[in-house]
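Student: Contents of upload08.txt (compact mmCIF, C-alpha atoms):
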```
# COMPACT_ATOMS: atom_id res chain seq x y z
CA MET O 5 -10.18 -25.95 -10.86
CA GLN O 6 -12.44 -22.97 -11.03
CA THR O 7 -10.97 -19.63 -11.95
CA VAL O 8 -12.38 -16.32 -10.81
CA ASP O 9 -11.67 -12.93 -12.34
CA PHE O 10 -9.61 -10.87 -9.96
CA GLN O 11 -11.44 -7.70 -8.99
CA PRO O 12 -9.39 -5.70 -6.49
CA ASP O 13 -12.26 -3.77 -4.92
CA ILE O 14 -14.27 -6.92 -4.24
CA VAL O 15 -11.21 -8.73 -2.88
CA PHE O 16 -10.22 -5.91 -0.56
CA ALA O 17 -13.77 -5.28 0.61
CA ALA O 18 -13.92 -8.99 1.47
CA LEU O 19 -10.65 -8.74 3.41
CA ALA O 20 -11.70 -5.58 5.25
CA ASP O 21 -13.66 -7.66 7.79
CA ALA O 22 -11.79 -9.27 10.72
CA THR O 23 -13.94 -12.43 10.78
CA ARG O 24 -13.46 -13.01 7.09
CA ARG O 25 -9.71 -12.56 7.38
CA ASP O 26 -9.75 -15.17 10.13
CA ILE O 27 -11.75 -17.56 7.94
CA VAL O 28 -9.19 -17.11 5.15
CA LEU O 29 -6.41 -18.07 7.55
CA ARG O 30 -8.26 -21.12 8.91
CA ALA O 31 -9.17 -22.26 5.43
CA LEU O 32 -5.51 -22.37 4.39
CA HIS O 33 -5.52 -25.90 5.78
CA GLY O 34 -8.72 -26.85 4.01
CA ARG O 35 -9.85 -29.20 6.77
CA GLU O 36 -13.09 -27.65 7.99
CA GLY O 37 -16.55 -27.31 6.54
CA VAL O 38 -18.76 -24.28 7.17
CA ALA O 39 -20.41 -25.93 10.21
CA GLU O 40 -17.07 -26.61 11.89
CA MET O 41 -15.85 -23.11 11.04
CA ALA O 42 -18.96 -21.64 12.64
CA GLU O 43 -18.03 -23.17 16.01
CA HIS O 44 -15.02 -20.83 16.26
CA TYR O 45 -17.10 -17.65 16.14
CA PRO O 46 -19.68 -16.13 18.48
CA MET O 47 -22.23 -15.86 15.69
CA SER O 48 -24.83 -17.97 13.98
CA PHE O 49 -24.11 -20.63 11.36
CA ALA O 50 -26.01 -18.48 8.87
CA ALA O 51 -23.78 -15.46 9.58
CA VAL O 52 -20.61 -17.51 9.05
CA GLN O 53 -22.09 -19.01 5.90
CA LYS O 54 -22.69 -15.48 4.63
CA HIS O 55 -19.06 -14.52 5.30
CA VAL O 56 -17.86 -17.61 3.44
CA ALA O 57 -20.11 -16.68 0.51
CA VAL O 58 -18.56 -13.19 0.34
CA LEU O 59 -15.09 -14.73 0.28
CA GLU O 60 -16.17 -17.22 -2.38
CA ARG O 61 -17.46 -14.44 -4.63
CA ALA O 62 -14.16 -12.59 -4.20
CA GLY O 63 -12.32 -15.72 -5.30
CA LEU O 64 -10.52 -15.99 -1.97
CA VAL O 65 -11.94 -19.37 -0.92
CA THR O 66 -13.54 -22.32 -2.66
CA LYS O 67 -15.67 -25.16 -1.38
CA GLU O 68 -14.17 -28.52 -2.22
CA ARG O 69 -15.33 -32.07 -1.77
CA SER O 70 -13.19 -34.01 0.68
CA GLY O 71 -14.53 -37.55 1.04
CA ARG O 72 -18.19 -37.18 2.00
CA ARG O 73 -17.82 -33.61 3.21
CA LYS O 74 -17.36 -30.18 1.69
CA VAL O 75 -14.46 -28.21 3.10
CA VAL O 76 -13.62 -24.54 2.72
CA ARG O 77 -10.22 -23.97 1.21
CA THR O 78 -8.32 -20.74 0.64
CA ASN O 79 -7.53 -19.91 -2.97
CA ILE O 80 -3.81 -19.18 -2.72
CA GLU O 81 -3.74 -17.65 -6.19
CA GLY O 82 -6.38 -15.08 -5.22
CA LEU O 83 -4.40 -14.07 -2.16
CA ARG O 84 -1.21 -13.86 -4.15
CA LEU O 85 -2.79 -11.42 -6.59
CA ALA O 86 -4.10 -9.31 -3.72
CA ARG O 87 -0.71 -9.28 -2.10
CA GLY O 88 0.78 -8.13 -5.39
CA LEU O 89 -1.16 -4.87 -5.18
CA LEU O 90 0.23 -4.06 -1.75
CA ASP O 91 3.69 -4.91 -2.99
CA GLU O 92 3.15 -2.49 -5.86
CA TYR O 93 2.52 0.33 -3.43
CA GLU O 94 5.70 -0.56 -1.60
CA ALA O 95 7.58 -0.79 -4.91
CA LEU O 96 6.35 2.69 -5.86
CA TRP O 97 8.03 4.16 -2.78
CA ARG O 98 11.12 2.00 -3.13
CA GLY O 99 11.52 3.36 -6.66
CA ARG O 100 11.22 6.93 -5.39
CA ILE O 101 13.79 6.33 -2.68
CA ASP O 102 16.18 4.78 -5.19
CA ARG O 103 15.86 7.87 -7.39
CA MET O 104 16.43 10.14 -4.38
CA THR O 105 19.61 8.20 -3.58
CA ASP O 106 20.72 8.59 -7.16
CA LEU O 107 20.15 12.36 -7.08
CA ILE O 108 22.08 12.67 -3.82
CA SER O 109 25.09 10.82 -5.15
CA ARG O 110 25.06 12.89 -8.35
CA SER O 111 24.90 16.19 -6.47
CA LYS O 112 27.93 14.99 -4.50
CA GLU O 113 29.90 14.47 -7.68
CA VAL O 114 29.19 18.06 -8.65
CA HIS O 115 29.82 19.51 -5.16
CA PRO O 116 32.20 17.11 -3.42
CA MET T 16 19.51 -0.71 -1.43
CA THR T 17 18.97 2.18 0.91
CA VAL T 18 15.58 1.07 2.19
CA THR T 19 16.31 -0.37 5.63
CA ALA T 20 12.86 -1.39 6.83
CA VAL T 21 9.29 -1.81 5.70
CA GLU T 22 6.58 -2.15 8.32
CA LYS T 23 2.92 -2.71 7.79
CA ASP T 24 1.06 -1.77 10.94
CA PRO T 25 -2.44 -3.19 10.80
CA GLU T 26 -3.66 -1.35 13.93
CA ALA T 27 -2.61 2.07 12.73
CA LEU T 28 -3.48 1.24 9.09
CA THR T 29 -0.06 2.50 8.18
CA LEU T 30 2.71 1.41 5.88
CA VAL T 31 6.12 2.71 6.92
CA LEU T 32 9.29 2.65 4.84
CA THR T 33 12.57 3.69 6.36
CA ALA T 34 15.60 4.63 4.29
CA GLU T 35 19.09 5.93 5.03
CA PHE T 36 21.11 8.35 2.94
CA ASP T 37 24.73 9.45 2.92
CA ALA T 38 23.82 13.11 3.07
CA PRO T 39 22.78 15.68 5.69
CA PRO T 40 19.04 16.28 6.36
CA GLU T 41 19.10 19.62 4.53
CA LEU T 42 19.98 17.91 1.26
CA ILE T 43 17.18 15.37 1.66
CA TRP T 44 14.72 18.14 2.48
CA ASP T 45 15.80 19.92 -0.66
CA LEU T 46 14.61 16.94 -2.72
CA TRP T 47 11.08 17.73 -1.50
CA ALA T 48 11.32 21.51 -1.34
CA ASP T 49 12.81 22.18 -4.78
CA PRO T 50 10.14 21.28 -7.37
CA ARG T 51 12.74 20.73 -10.11
CA LYS T 52 14.48 18.15 -7.91
CA LEU T 53 11.17 16.64 -6.81
CA GLU T 54 10.26 16.09 -10.46
CA ARG T 55 13.30 13.92 -10.85
CA TRP T 56 12.15 11.32 -8.33
CA TRP T 57 8.39 11.53 -7.68
CA GLY T 58 7.36 9.80 -10.90
CA PRO T 59 8.97 6.73 -12.44
CA PRO T 60 11.06 7.33 -15.59
CA THR T 61 8.11 6.18 -17.73
CA TYR T 62 5.75 8.67 -16.00
CA PRO T 63 7.81 11.76 -15.12
CA ALA T 64 6.06 14.32 -12.92
CA THR T 65 5.69 18.04 -13.58
CA PHE T 66 4.79 20.26 -10.63
CA THR T 67 2.72 23.25 -11.71
CA ALA T 68 2.04 24.65 -8.20
CA HIS T 69 4.47 24.06 -5.37
CA ASP T 70 4.35 26.07 -2.18
CA LEU T 71 5.23 23.98 0.88
CA ALA T 72 3.10 25.88 3.39
CA PRO T 73 0.31 24.54 5.62
CA GLY T 74 -3.02 24.84 3.83
CA SER T 75 -1.47 25.18 0.41
CA ARG T 76 -2.23 22.85 -2.48
CA VAL T 77 0.63 21.43 -4.51
CA GLU T 78 -0.44 20.41 -8.03
CA TYR T 79 1.25 18.11 -10.48
CA HIS T 80 0.66 15.91 -13.47
CA MET T 81 2.54 12.97 -14.84
CA THR T 82 3.15 12.29 -18.50
CA GLY T 83 2.81 8.73 -19.71
CA PRO T 84 4.41 7.04 -22.72
CA SER T 85 1.28 7.63 -24.84
CA GLY T 86 0.94 11.27 -23.79
CA ASP T 87 -1.68 10.60 -21.11
CA GLN T 88 -1.45 13.04 -18.20
CA PRO T 89 -2.86 11.77 -14.91
CA ARG T 90 -3.14 14.58 -12.35
CA GLY T 91 -2.58 14.62 -8.64
CA TYR T 92 -2.34 17.03 -5.75
CA TRP T 93 -1.02 17.31 -2.21
CA ASP T 94 -2.89 19.23 0.47
CA ILE T 95 -0.11 20.37 2.77
CA VAL T 96 -0.85 19.79 6.46
CA GLU T 97 2.44 20.39 8.29
CA VAL T 98 5.82 21.75 7.27
CA ASP T 99 8.89 21.82 9.51
CA PRO T 100 12.08 22.12 7.46
CA PRO T 101 14.26 20.11 7.31
CA SER T 102 12.65 17.45 9.45
CA ARG T 103 8.96 16.94 8.77
CA LEU T 104 6.39 17.19 5.98
CA VAL T 105 2.79 16.00 6.22
CA PHE T 106 0.38 16.04 3.30
CA GLN T 107 -2.75 14.43 1.90
CA ASP T 108 -1.92 12.77 -1.38
CA GLY T 109 -4.84 12.61 -3.78
CA PHE T 110 -5.88 12.21 -7.40
CA ALA T 111 -7.19 15.14 -9.42
CA ASN T 112 -9.62 15.50 -12.32
CA ASP T 113 -8.51 16.74 -15.73
CA ASP T 114 -9.29 20.33 -14.68
CA GLY T 115 -7.05 19.95 -11.61
CA SER T 116 -9.87 19.82 -9.04
CA PRO T 117 -9.60 17.02 -6.42
CA ASN T 118 -11.20 13.75 -7.43
CA ASP T 119 -13.14 12.95 -4.26
CA GLU T 120 -14.12 9.51 -5.47
CA MET T 121 -10.56 8.28 -5.31
CA PRO T 122 -8.91 7.40 -2.01
CA ARG T 123 -6.50 9.85 -0.44
CA ASN T 124 -3.75 8.76 1.85
CA GLU T 125 -1.85 10.82 4.34
CA VAL T 126 1.91 10.82 3.92
CA VAL T 127 4.18 11.76 6.81
CA ALA T 128 7.81 12.21 5.82
CA THR T 129 10.23 12.41 8.74
CA ILE T 130 13.86 13.33 8.18
CA GLU T 131 16.42 13.04 10.98
CA PRO T 132 20.22 12.99 11.31
CA ILE T 133 21.62 9.65 12.53
CA ASP T 134 25.34 10.33 12.25
CA THR T 135 27.59 13.00 10.82
CA GLY T 136 26.45 13.45 7.26
CA ARG T 137 23.95 10.60 7.44
CA THR T 138 20.19 10.88 7.46
CA ARG T 139 17.25 8.60 8.10
CA MET T 140 14.02 9.30 6.28
CA SER T 141 10.82 7.51 7.08
CA ILE T 142 7.71 7.60 4.94
CA ALA T 143 4.49 6.71 6.73
CA ALA T 144 1.52 6.33 4.43
CA HIS T 145 -1.64 6.32 6.47
CA PHE T 146 -4.98 5.12 5.16
CA PRO T 147 -7.73 6.83 7.18
CA SER T 148 -10.70 4.82 8.31
CA THR T 149 -13.74 6.42 6.68
CA GLU T 150 -17.10 5.22 5.49
CA ALA T 151 -15.91 5.44 1.93
CA MET T 152 -15.74 2.16 0.10
CA GLN T 153 -12.32 2.92 -1.28
CA MET T 154 -11.00 3.47 2.21
CA GLN T 155 -12.25 0.08 3.26
CA VAL T 156 -10.37 -1.21 0.30
CA SER T 157 -7.16 0.28 1.59
CA MET T 158 -7.78 -1.07 5.06
CA GLY T 159 -8.30 -4.58 3.86
CA MET T 160 -5.21 -4.24 1.79
CA VAL T 161 -3.02 -3.37 4.76
CA GLU T 162 -4.67 -5.42 7.46
CA GLY T 163 -5.70 -8.61 5.79
CA LEU T 164 -2.61 -9.20 3.80
CA THR T 165 -0.09 -8.56 6.56
CA GLU T 166 -1.58 -11.41 8.55
CA ALA T 167 -1.89 -13.74 5.64
CA VAL T 168 1.42 -13.21 3.89
CA GLY T 169 3.58 -15.21 6.31
CA GLN T 170 1.30 -18.21 6.13
CA ILE T 171 0.95 -18.00 2.37
CA ASP T 172 4.71 -18.01 1.99
CA ALA T 173 5.01 -21.05 4.26
CA ILE T 174 2.40 -22.94 2.28
CA LEU T 175 3.92 -22.01 -1.06
CA ALA T 176 7.29 -23.21 0.22
CA GLU T 177 5.71 -26.52 1.27
CA GLY T 178 4.12 -26.85 -2.14
CA ALA T 179 7.45 -26.25 -3.85
CA ALA T 180 9.17 -28.85 -1.67
CA ALA T 181 6.49 -31.51 -2.22
```
Kindly transcribe the structure held in the file into structure tokens.
Tutor:
Amino acid sequence: MQTVDFQPDIVFAALADATRRDIVLRALHGREGVAEMAEHYPMSFAAVQKHVAVLERAGLVTKERSGRRKVVRTNIEGLRLARGLLDEYEALWRGRIDRMTDLISRSKEVHP
Amino acid sequence: MTVTAVEKDPEALTLVLTAEFDAPPELIWDLWADPRKLERWWGPPTYPATFTAHDLAPGSRVEYHMTGPSGDQPRGYWDIVEVDPPSRLVFQDGFANDDGSPNDEMPRNEVVATIEPIDTGRTRMSIAAHFPSTEAMQMQVSMGMVEGLTEAVGQIDAILAEGAAA
């Protein structure tokens, strides 16, 4: 199992492209190689290969041997880390709202 | 938990949190309009905020810093876009340099706070954080964050659940 350092800007830049997001979703199943993937998109094999390479560098997919073929598989751990950052932003606001609620209930105790 | 909904809208590049409070809209507005009250919720307990300029008027710049456990003081600012007490506040939320000037290399996001009565003495507040689509690399970062992950999260969870069951 190969591990890749998680670099948020590279991960999010990789995910900012619609085709690459679609590749990540397809590769969750880990059944298709680059050539089979390329058939789903109105672009050249080389273009799809390039997208896969960007995702590979970001640690979002890996190429794995499956029998005699190489399949593209999503790196769940990479996605989980990326998702964690979005959750952090949500948690930031949840924390603020909790503190607002707290302030409201305290001001009620003072001025019922 | 007072947060009632969290939506991530990939088309509008927006993250919306909705919360309900047992208080009239004027009291909720006051939490934004009174800097001493704002300081009690904007930063987490470990990074309390201090607002050094606070005039909620369109075109005005609100300035604040936070104070970390080791004495570090990250600075931020809001550029106020719209003010309609007690129901609406729109501002650009950004990072500032040590001298207080805006740090243009860091992403800004637009925050729209909407406050509305839903019942006698009850209020709904929604926070919409909007990541604008610009050429800036950091903005692309934000876009990918909102768009890519929303789609993927459901499937990731399903797969993780399968893995746990296997």
Student: Any idea what the distance is between atom CA of Val105 of chain T and atom CA of Val127 of chain T?
Tutor: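 That distance, rounded to one decimal, is 4.5 Å.
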Student: Record the distance separating atom CA of Glu125 of chain T and atom CA of Ala62 of chain O, expressed in Å with one decimal.
Tutor: 27.8 Å
Student: Pick out the residues sitting within 12 Å of Gln53 of chain O, and hand them over as a list in words; count only C-alpha atoms, and ignore anything fewer than 6 positions along from it in its own chain.
Tutor: Thr23, Arg24, Ile27, Gly37, Val38, Ala39, Glu40, Met41, Ala42, Glu43, Tyr45, Met47, Leu59, Glu60, Lys67 and Val76 of chain O
Student: Work out how far atom CA of Glu68 of chain O is from atom CA of His55 of chain O, in Å to one decimal.
Tutor: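 So the two atoms, atom CA of His55 of chain O and atom CA of Glu68 of chain O, lie 16.6 Å apart.
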Student: Find the residues near Gly74 of chain T: any atom within 8 Å, counting all atoms listed in the file, skip ones fewer than 6 places away on the same chain, and give them as a PDB file with C-alpha atoms, in the coordinates of the input.
Tutor:
```
ATOM      1  CA  ASP T  94      -2.890  19.230   0.470  1.00  0.00           C
ATOM      2  CA  ILE T  95      -0.110  20.370   2.770  1.00  0.00           C
ATOM      3  CA  VAL T  96      -0.850  19.790   6.460  1.00  0.00           C
TER       4      VAL T  96
END
```
Student: Extract, using only C-alpha atoms, all DNA, RNA and protein residues at most 6 Å from segment 82-86 of chain T, discarding same-chain residues fewer than 2 positions from it, and format them as a PyMOL selection string.
Tutor: chain T and resi 62-63+88
Student: From the options T:Gly136, T:Pro39, T:Trp44, T:Gly91, which residue's atoms come nearest to Ala64 of chain T, counting only C-alpha atoms?
Tutor: T:Gly91
Student: Given the choices O:Leu19, O:Ala95, O:Val75, O:Leu29, which gets closest to Val58 of chain O if the distance is worked out from all atoms listed in the file?
Tutor: O:Leu19
Student: Go ahead and find all residues with at least one atom no further than 10 Å from (-6.0, 15.2, -10.8) in the file's coordinates, using all atoms listed in the file; report them as a ChimeraX atom specification.
Tutor: /T:78-81,88-92,109-119,121
Student: Using only C-alpha atoms, pick whichever of T:Glu97, T:Gln107, T:Pro132, T:Val126 has the shortest atom-to-atom distance to chain O.
Tutor: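 Selected residue with least distance to chain O: T:Val126.
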